[in-house]
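Trainee: So here's protein-v2.txt (compact mmCIF, C-alpha atoms and all ligand atoms).
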# COMPACT_ATOMS: atom_id res chain seq x y z
CA MET A 1 -3.26 4.04 22.45
CA ALA A 2 -2.64 2.72 25.98
CA ASP A 3 -4.65 5.61 27.46
CA ALA A 4 -7.34 5.67 24.77
CA SER A 5 -10.99 5.75 25.72
CA LEU A 6 -13.16 2.82 24.62
CA PRO A 7 -14.89 4.76 21.79
CA ASP A 8 -11.46 5.84 20.45
CA LEU A 9 -10.23 2.27 20.58
CA LEU A 10 -13.31 0.94 18.83
CA ARG A 11 -13.00 3.57 16.10
CA PHE A 12 -9.34 2.67 15.67
CA TYR A 13 -10.15 -1.00 15.13
CA ARG A 14 -13.18 -0.25 12.94
CA ASP A 15 -11.11 2.02 10.68
CA LEU A 16 -8.48 -0.68 10.41
CA GLY A 17 -11.17 -3.06 9.23
CA PHE A 18 -11.50 -5.31 12.24
CA THR A 19 -15.14 -6.26 12.65
CA GLU A 20 -14.72 -8.67 15.52
CA LEU A 21 -12.67 -8.23 18.67
CA ARG A 22 -11.93 -11.31 20.72
CA ALA A 23 -9.65 -11.47 23.74
CA PRO A 24 -7.07 -14.28 23.65
CA ARG A 25 -8.40 -16.89 26.09
CA ILE A 26 -5.46 -16.75 28.50
CA PHE A 27 -5.76 -12.96 28.84
CA ALA A 28 -9.56 -12.78 28.96
CA ALA A 29 -9.83 -12.81 32.77
CA THR A 30 -7.13 -10.12 33.21
CA GLN A 31 -8.73 -7.95 30.54
CA ALA A 32 -12.20 -8.28 32.04
CA ALA A 33 -10.80 -7.12 35.40
CA ALA A 34 -8.91 -4.25 33.73
CA ALA A 35 -12.00 -3.20 31.75
CA SER A 36 -13.93 -2.58 34.95
CA LYS A 37 -11.37 0.05 36.08
CA PRO A 38 -12.07 3.64 35.00
CA ARG A 39 -9.56 4.97 32.44
CA PRO A 40 -8.71 8.56 31.63
CA ALA A 41 -10.04 9.72 28.25
CA ALA A 42 -7.49 10.87 25.68
CA ASN A 43 -7.80 12.92 22.54
CA LEU A 44 -6.17 10.76 19.88
CA ARG A 45 -6.60 13.09 16.96
CA PRO A 46 -3.25 13.94 15.36
CA ALA A 47 -2.10 17.52 14.82
CA PRO A 48 -3.67 19.06 11.68
CA LEU A 49 -1.78 18.11 8.54
CA SER A 50 -0.23 20.72 6.37
CA PRO A 51 -1.50 20.69 2.78
CA ALA A 52 2.00 21.74 1.68
CA ALA A 53 4.27 19.25 -0.06
CA PRO A 54 5.40 16.65 2.46
CA ALA A 55 8.91 16.85 3.87
CA MET A 56 11.17 13.88 3.20
CA ARG A 57 13.36 12.26 5.77
CA HIS A 58 15.55 10.17 3.48
CA GLU A 59 17.26 11.20 0.29
CA PRO A 60 15.13 10.23 -2.73
CA ALA A 61 16.51 7.29 -4.66
CA SER A 62 17.61 7.73 -8.28
CA VAL A 63 15.24 10.62 -8.81
CA TRP A 64 17.16 13.29 -10.55
CA ASN A 65 18.14 11.41 -13.69
CA TYR A 66 14.57 10.24 -14.18
CA GLN A 67 13.08 10.48 -17.69
CA PRO A 68 9.37 9.78 -18.32
CA SER A 69 9.02 6.61 -20.39
CA LYS A 70 8.33 6.86 -24.11
CA ASP A 71 5.03 4.99 -23.57
CA ILE A 72 3.53 8.14 -22.16
CA ILE A 73 3.80 9.75 -25.56
CA GLN A 74 3.42 6.62 -27.72
CA ALA A 75 0.28 5.23 -26.15
CA GLY A 76 -1.44 8.60 -25.91
CA THR A 77 -3.32 10.31 -28.68
CA GLY A 78 -0.17 11.19 -30.58
CA ASP A 79 -0.01 14.76 -29.41
CA GLY A 80 1.56 13.97 -26.07
CA GLU A 81 -1.74 13.74 -24.19
CA ARG A 82 -1.63 11.21 -21.36
CA VAL A 83 -4.22 8.43 -21.43
CA PRO A 84 -3.36 6.23 -18.43
CA GLU A 85 -5.89 3.52 -19.26
CA GLN A 86 -4.42 2.97 -22.73
CA ILE A 87 -0.88 3.10 -21.42
CA LEU A 88 -1.69 0.47 -18.79
CA LEU A 89 -3.19 -1.76 -21.49
CA LYS A 90 -0.04 -1.36 -23.56
CA ILE A 91 2.13 -2.29 -20.57
CA GLN A 92 -0.02 -5.36 -19.96
CA GLN A 93 0.30 -6.33 -23.63
CA ASP A 94 4.07 -5.89 -23.45
CA MET A 95 4.17 -8.14 -20.42
CA GLY A 96 2.21 -10.80 -22.32
CA GLU A 97 2.41 -14.34 -20.95
CA CYS A 98 5.66 -13.39 -19.26
CA THR A 99 8.46 -15.92 -18.76
CA ARG A 100 11.18 -13.39 -17.91
CA CYS A 101 11.91 -14.90 -14.47
CA VAL A 102 11.38 -18.19 -12.65
CA LEU A 103 8.25 -16.97 -10.88
CA HIS A 104 6.23 -17.71 -14.02
CA GLN A 105 6.75 -21.43 -13.44
CA GLY A 106 4.44 -21.59 -10.43
CA ARG A 107 1.80 -19.08 -11.37
CA THR A 108 -1.82 -19.65 -12.29
CA LYS A 109 -2.57 -16.07 -13.34
CA ILE A 110 -0.51 -12.92 -13.76
CA VAL A 111 -1.69 -10.31 -11.27
CA PHE A 112 -1.15 -7.08 -13.16
CA GLY A 113 -3.05 -4.69 -10.88
CA ASN A 114 -6.48 -3.14 -10.82
CA GLY A 115 -8.49 -0.10 -9.84
CA ASN A 116 -8.88 3.35 -11.29
CA PRO A 117 -6.29 3.97 -14.06
CA SER A 118 -6.48 7.70 -13.27
CA ALA A 119 -6.23 7.18 -9.52
CA LYS A 120 -4.78 9.91 -7.34
CA LEU A 121 -3.45 7.26 -4.99
CA VAL A 122 -1.69 3.97 -5.75
CA PHE A 123 -1.00 1.18 -3.25
CA VAL A 124 1.97 -1.05 -3.99
CA GLY A 125 2.36 -4.46 -2.35
CA GLU A 126 5.00 -7.15 -2.60
CA GLY A 127 3.54 -9.90 -4.78
CA PRO A 128 0.46 -12.08 -5.17
CA GLY A 129 -0.52 -14.74 -2.65
CA SER A 130 -2.56 -17.84 -3.43
CA ASP A 131 -5.97 -16.11 -3.67
CA GLU A 132 -4.55 -13.43 -5.92
CA ASP A 133 -2.80 -16.07 -8.06
CA ALA A 134 -6.11 -17.93 -8.48
CA GLN A 135 -8.18 -14.83 -9.32
CA GLY A 136 -5.60 -12.72 -11.17
CA LEU A 137 -6.44 -9.74 -8.94
CA PRO A 138 -4.30 -8.00 -6.30
CA PHE A 139 -5.13 -8.01 -2.61
CA VAL A 140 -8.24 -10.20 -2.63
CA GLY A 141 -7.21 -12.66 0.12
CA ARG A 142 -7.28 -12.04 3.87
CA ALA A 143 -4.66 -9.31 3.76
CA GLY A 144 -6.49 -7.79 0.81
CA GLN A 145 -9.80 -7.76 2.63
CA LEU A 146 -8.12 -5.99 5.50
CA LEU A 147 -6.59 -3.47 3.09
CA THR A 148 -10.01 -2.84 1.51
CA GLN A 149 -11.60 -2.25 4.90
CA MET A 150 -8.74 -0.04 6.00
CA ILE A 151 -9.09 2.15 2.90
CA ASN A 152 -12.89 2.29 2.99
CA ASN A 153 -13.31 2.75 6.73
CA THR A 154 -10.48 5.22 7.24
CA ALA A 155 -11.68 7.34 4.31
CA THR A 156 -15.26 7.30 5.61
CA GLY A 157 -14.11 8.00 9.17
CA GLU A 158 -12.06 10.98 7.96
CA GLY A 159 -14.89 12.37 5.81
CA ILE A 160 -13.07 11.59 2.54
CA SER A 161 -15.42 10.26 -0.12
CA ILE A 162 -13.35 7.53 -1.73
CA GLN A 163 -13.47 3.75 -1.60
CA ARG A 164 -11.12 1.01 -2.81
CA ASP A 165 -12.36 1.27 -6.42
CA ASP A 166 -11.12 4.86 -6.58
CA VAL A 167 -7.48 3.94 -6.00
CA TYR A 168 -5.17 1.69 -8.02
CA ILE A 169 -3.56 -1.37 -6.44
CA CYS A 170 -0.64 -3.41 -7.74
CA ASN A 171 2.48 -5.29 -6.66
CA VAL A 172 6.19 -5.26 -7.36
CA VAL A 173 6.12 -8.79 -8.79
CA LYS A 174 3.14 -9.97 -10.78
CA CYS A 175 3.51 -13.74 -10.28
CA ARG A 176 3.16 -15.53 -6.96
CA PRO A 177 6.48 -16.46 -5.34
CA PRO A 178 6.45 -20.14 -4.31
CA GLY A 179 5.30 -20.72 -0.74
CA ASN A 180 4.69 -16.97 -0.44
CA ARG A 181 8.41 -16.32 -0.01
CA ALA A 182 9.68 -12.78 -0.52
CA PRO A 183 10.64 -12.07 -4.13
CA GLU A 184 14.38 -12.12 -4.84
CA PRO A 185 16.07 -8.80 -5.76
CA GLU A 186 16.64 -10.08 -9.32
CA GLU A 187 12.95 -11.01 -9.67
CA MET A 188 11.93 -7.58 -8.40
CA LYS A 189 14.29 -5.92 -10.85
CA THR A 190 12.97 -7.93 -13.79
CA CYS A 191 9.29 -7.46 -12.95
CA GLY A 192 9.72 -4.02 -11.38
CA GLN A 193 10.19 -2.47 -14.82
CA PHE A 194 6.46 -3.03 -15.34
CA LEU A 195 5.61 -1.49 -11.96
CA ASP A 196 7.76 1.52 -12.86
CA ARG A 197 5.83 1.90 -16.09
CA GLN A 198 2.47 1.52 -14.31
CA LEU A 199 3.36 4.28 -11.87
CA ASP A 200 4.70 6.36 -14.70
CA ALA A 201 1.40 5.94 -16.58
CA ILE A 202 -0.82 6.81 -13.66
CA ARG A 203 1.38 9.52 -12.10
CA PRO A 204 -0.73 9.57 -8.90
CA ARG A 205 -0.51 12.35 -6.33
CA ALA A 206 0.96 9.85 -3.88
CA ILE A 207 1.99 6.22 -3.56
CA CYS A 208 1.43 4.16 -0.41
CA VAL A 209 3.98 1.36 -0.29
CA LEU A 210 3.01 -1.65 1.79
CA GLY A 211 5.76 -3.45 3.65
CA GLY A 212 9.53 -3.61 3.66
CA THR A 213 10.03 -5.66 0.49
CA ALA A 214 8.08 -3.30 -1.75
CA ALA A 215 9.70 -0.29 -0.03
CA LYS A 216 13.14 -1.78 -0.69
CA TYR A 217 12.45 -2.01 -4.41
CA LEU A 218 10.59 1.24 -4.89
CA LEU A 219 12.81 3.43 -2.73
CA ASP A 220 16.05 1.59 -3.50
CA THR A 221 16.89 1.48 0.18
CA SER A 222 18.09 -0.99 2.77
CA VAL A 223 16.37 0.94 5.58
CA GLY A 224 13.76 -1.29 7.22
CA ILE A 225 10.04 -0.53 7.17
CA THR A 226 9.89 0.13 10.92
CA LYS A 227 12.20 3.11 10.41
CA LEU A 228 10.83 4.18 7.03
CA ARG A 229 7.13 4.15 7.80
CA GLY A 230 5.20 7.29 8.51
CA GLU A 231 7.70 9.62 6.80
CA TRP A 232 7.31 10.90 3.25
CA GLN A 233 9.75 9.54 0.69
CA ASP A 234 9.98 10.11 -3.04
CA TRP A 235 9.68 8.07 -6.22
CA HIS A 236 10.50 10.05 -9.34
CA GLY A 237 8.93 13.20 -7.94
CA ILE A 238 5.86 11.45 -6.49
CA PRO A 239 5.51 11.47 -2.67
CA VAL A 240 5.64 7.96 -1.21
CA MET A 241 4.26 6.97 2.19
CA PRO A 242 5.70 3.66 3.40
CA THR A 243 3.67 1.71 5.92
CA PHE A 244 3.31 -1.81 7.25
CA HIS A 245 1.97 -4.60 5.05
CA PRO A 246 -1.58 -5.71 5.98
CA SER A 247 -0.31 -9.32 6.43
CA PHE A 248 1.84 -8.03 9.27
CA LEU A 249 -1.23 -6.45 10.85
CA LEU A 250 -3.07 -9.76 10.74
CA ARG A 251 -0.51 -11.22 13.14
CA ALA A 252 -1.42 -11.08 16.81
CA TYR A 253 0.09 -8.72 19.38
CA ASN A 254 1.19 -5.82 17.22
CA LYS A 255 -1.34 -3.23 18.33
CA GLU A 256 1.23 -0.46 17.95
CA GLY A 257 1.82 -1.49 14.32
CA LYS A 258 -1.92 -1.28 13.67
CA ARG A 259 -2.14 2.17 15.22
CA GLN A 260 0.87 3.37 13.22
CA THR A 261 -0.60 2.05 9.95
CA TRP A 262 -3.86 3.82 10.69
CA GLU A 263 -1.95 7.09 11.26
CA ASP A 264 0.03 6.60 8.01
CA LEU A 265 -3.13 5.94 6.05
CA LYS A 266 -4.83 9.02 7.42
CA LYS A 267 -1.76 11.08 6.53
CA VAL A 268 -1.70 9.86 2.93
CA LEU A 269 -5.49 10.15 2.44
CA HIS A 270 -5.55 13.74 3.68
CA TYR A 271 -2.53 14.67 1.59
CA VAL A 272 -4.10 13.27 -1.58
CA TYR A 273 -7.76 14.17 -1.18
CA ASP A 274 -7.97 17.34 0.99
N1 LIG B 301 0.22 -9.50 -0.50
C1 LIG B 301 0.75 -8.67 -1.42
O1 LIG B 301 1.82 -8.09 -1.22
N2 LIG B 301 0.06 -8.48 -2.55
C2 LIG B 301 -1.10 -9.06 -2.80
O2 LIG B 301 -1.67 -8.82 -3.87
C3 LIG B 301 -1.63 -9.91 -1.82
C4 LIG B 301 -0.96 -10.12 -0.69
If you convert what's in this file into structure tokens, what do you get?
Ligand code: URA

Mentor:
Amino acid sequence: MADASLPDLLRFYRDLGFTELRAPRIFAATQAAAASKPRPAANLRPAPLSPAAPAMRHEPASVWNYQPSKDIIQAGTGDGERVPEQILLKIQQDMGECTRCVLHQGRTKIVFGNGNPSAKLVFVGEGPGSDEDAQGLPFVGRAGQLLTQMINNTATGEGISIQRDDVYICNVVKCRPPGNRAPEPEEMKTCGQFLDRQLDAIRPRAICVLGGTAAKYLLDTSVGITKLRGEWQDWHGIPVMPTFHPSFLLRAYNKEGKRQTWEDLKKVLHYVYD
């Protein structure tokens, strides 16, 4: 990105959902001087992606003893037909007004997940923040708005006709951890059973896991997100693309992280929708 032309850079930020670019005050003078210098243009387009099944870098976690849950049969029409919408409703009913872990004590609303029950792509985050807790919907705060723009703009920019409503979005834990702390492993295990069932019900073509905490649960790994991101993994036979959490992208001075997330998103969108 260091050698990118201005139009490439602007497209990069637009696709990531940034609508306003402001130089930090202390760097403004240096950047204005640098901007006046001619820069070599660079072709930033990645190599064409293969439509073949993605190669995995890490061994899949607990994949081979996987059995589809009984809900898939029970909540269907009785003849084994899969009806994801009904299965999701059944999972939500089973969750009820959950008190299975301490996180219920501080919640306003359970954030079960939303989007297209038959989505080809599912995004999985860590857990609700305060806006999500208030509204009962995933990714509706600042990080959520960035995620929405990233999905919509990257899809549009890549000529893929989907928007946020076409995917499904949920979290590992469904109640807001106090002070937005990371959920504890035990909390993820307790609540994760519902995530497992959601993914099982939808059976998307791919899952995009957002951030290290969600990746740790879903991929049963201690490998950090910086190493995991950008390489296909596996959850019960479904390809998983780990990438950075949008909250991380909202922090200043991680331009490389933003570029990497954009590349990851393009990879997953092309794999699912081409
Ligand atoms: N961060 C998450 O991980 N999930 C949300 O729903 C919102 C913010």

Trainee: Any residue with an atom at most 6 Å from ligand LIG 301 (chain B) counts, using all atoms listed in the file. Which are they? Put them as an MDAnalysis selection string.

Mentor: chainID A and resid 125:129 132 138:139 143:144 171

Trainee: Give the answer as one residue: which of A:Leu199, A:Cys208, A:Leu6, A:Ala134 has the shortest atom-to-atom distance to Lys109 of chain A, using all atoms listed in the file?

Mentor: A:Ala134

Trainee: Need to verify the contact set: Thr226 of chain A, 12 Å, all atoms listed in the file, exclusion of same-chain residues closer than 5 positions in sequence. Can you return it as a VMD selection string?

Mentor: chain A and resid 210 to 213 215 231 242 to 245 248 256 to 257 260 to 261

Trainee: For C-alpha atoms, I'd like the residues from the last selection saved as a CSV table (one decimal), in the coordinates of the input.

Mentor:
chain,number,residue,atom,x,y,z
A,210,LEU,CA,3.0,-1.6,1.8
A,211,GLY,CA,5.8,-3.4,3.6
A,212,GLY,CA,9.5,-3.6,3.7
A,213,THR,CA,10.0,-5.7,0.5
A,215,ALA,CA,9.7,-0.3,0.0
A,231,GLU,CA,7.7,9.6,6.8
A,242,PRO,CA,5.7,3.7,3.4
A,243,THR,CA,3.7,1.7,5.9
A,244,PHE,CA,3.3,-1.8,7.2
A,245,HIS,CA,2.0,-4.6,5.0
A,248,PHE,CA,1.8,-8.0,9.3
A,256,GLU,CA,1.2,-0.5,18.0
A,257,GLY,CA,1.8,-1.5,14.3
A,260,GLN,CA,0.9,3.4,13.2
A,261,THR,CA,-0.6,2.0,10.0

Trainee: Could you check which of A:Ala155, A:Ile91, A:Met241, A:Ile160 is closest to Arg14 of chain A, using only C-alpha atoms?

Mentor: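 Between A:Ala155, A:Ile91, A:Met241, A:Ile160, the residue approaching Arg14 of chain A most closely is A:Ala155.
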
Trainee: Closest to Ile202 of chain A among A:Met150, A:Met95, A:Leu137, A:Val167, using all atoms listed in the file?

Mentor: A:Val167

Trainee: So which residues touch Glu85 of chain A within 9 Å, counting all atoms listed in the file, skipping near sequence neighbours fewer than 6 positions away, as a PyMOL selection string?

Mentor: chain A and resi 116-118+201-202

Trainee: Counting all atoms listed in the file, which residue out of A:Arg82, A:Arg107, A:Arg100, A:Lys90 sits closest to Glu187 of chain A?

Mentor: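 Smallest separation from Glu187 of chain A among the options: A:Arg100.
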
Trainee: One decimal, in Å: what's the spacing between atom CA of Arg229 of chain A and atom CA of Val122 of chain A?

Mentor: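 Going from atom CA of Arg229 of chain A over to atom CA of Val122 of chain A, I get 16.2 Å.
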
Trainee: Using only C-alpha atoms for the distances, tell me which of A:Gln198, A:Ser247, A:Gln105, A:Gln92 is nearest to Leu146 of chain A.

Mentor: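 Distance minimum relative to Leu146 of chain A lands on A:Ser247.
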
Trainee: Which residues are close to Ile238 of chain A, i.e. within 7 Å by all atoms listed in the file, leaving aside same-chain residues fewer than 4 positions away? Reply as a list in words.

Mentor: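 Contacts, in chain order: Arg205, Ala206 and Asp234 of chain A.
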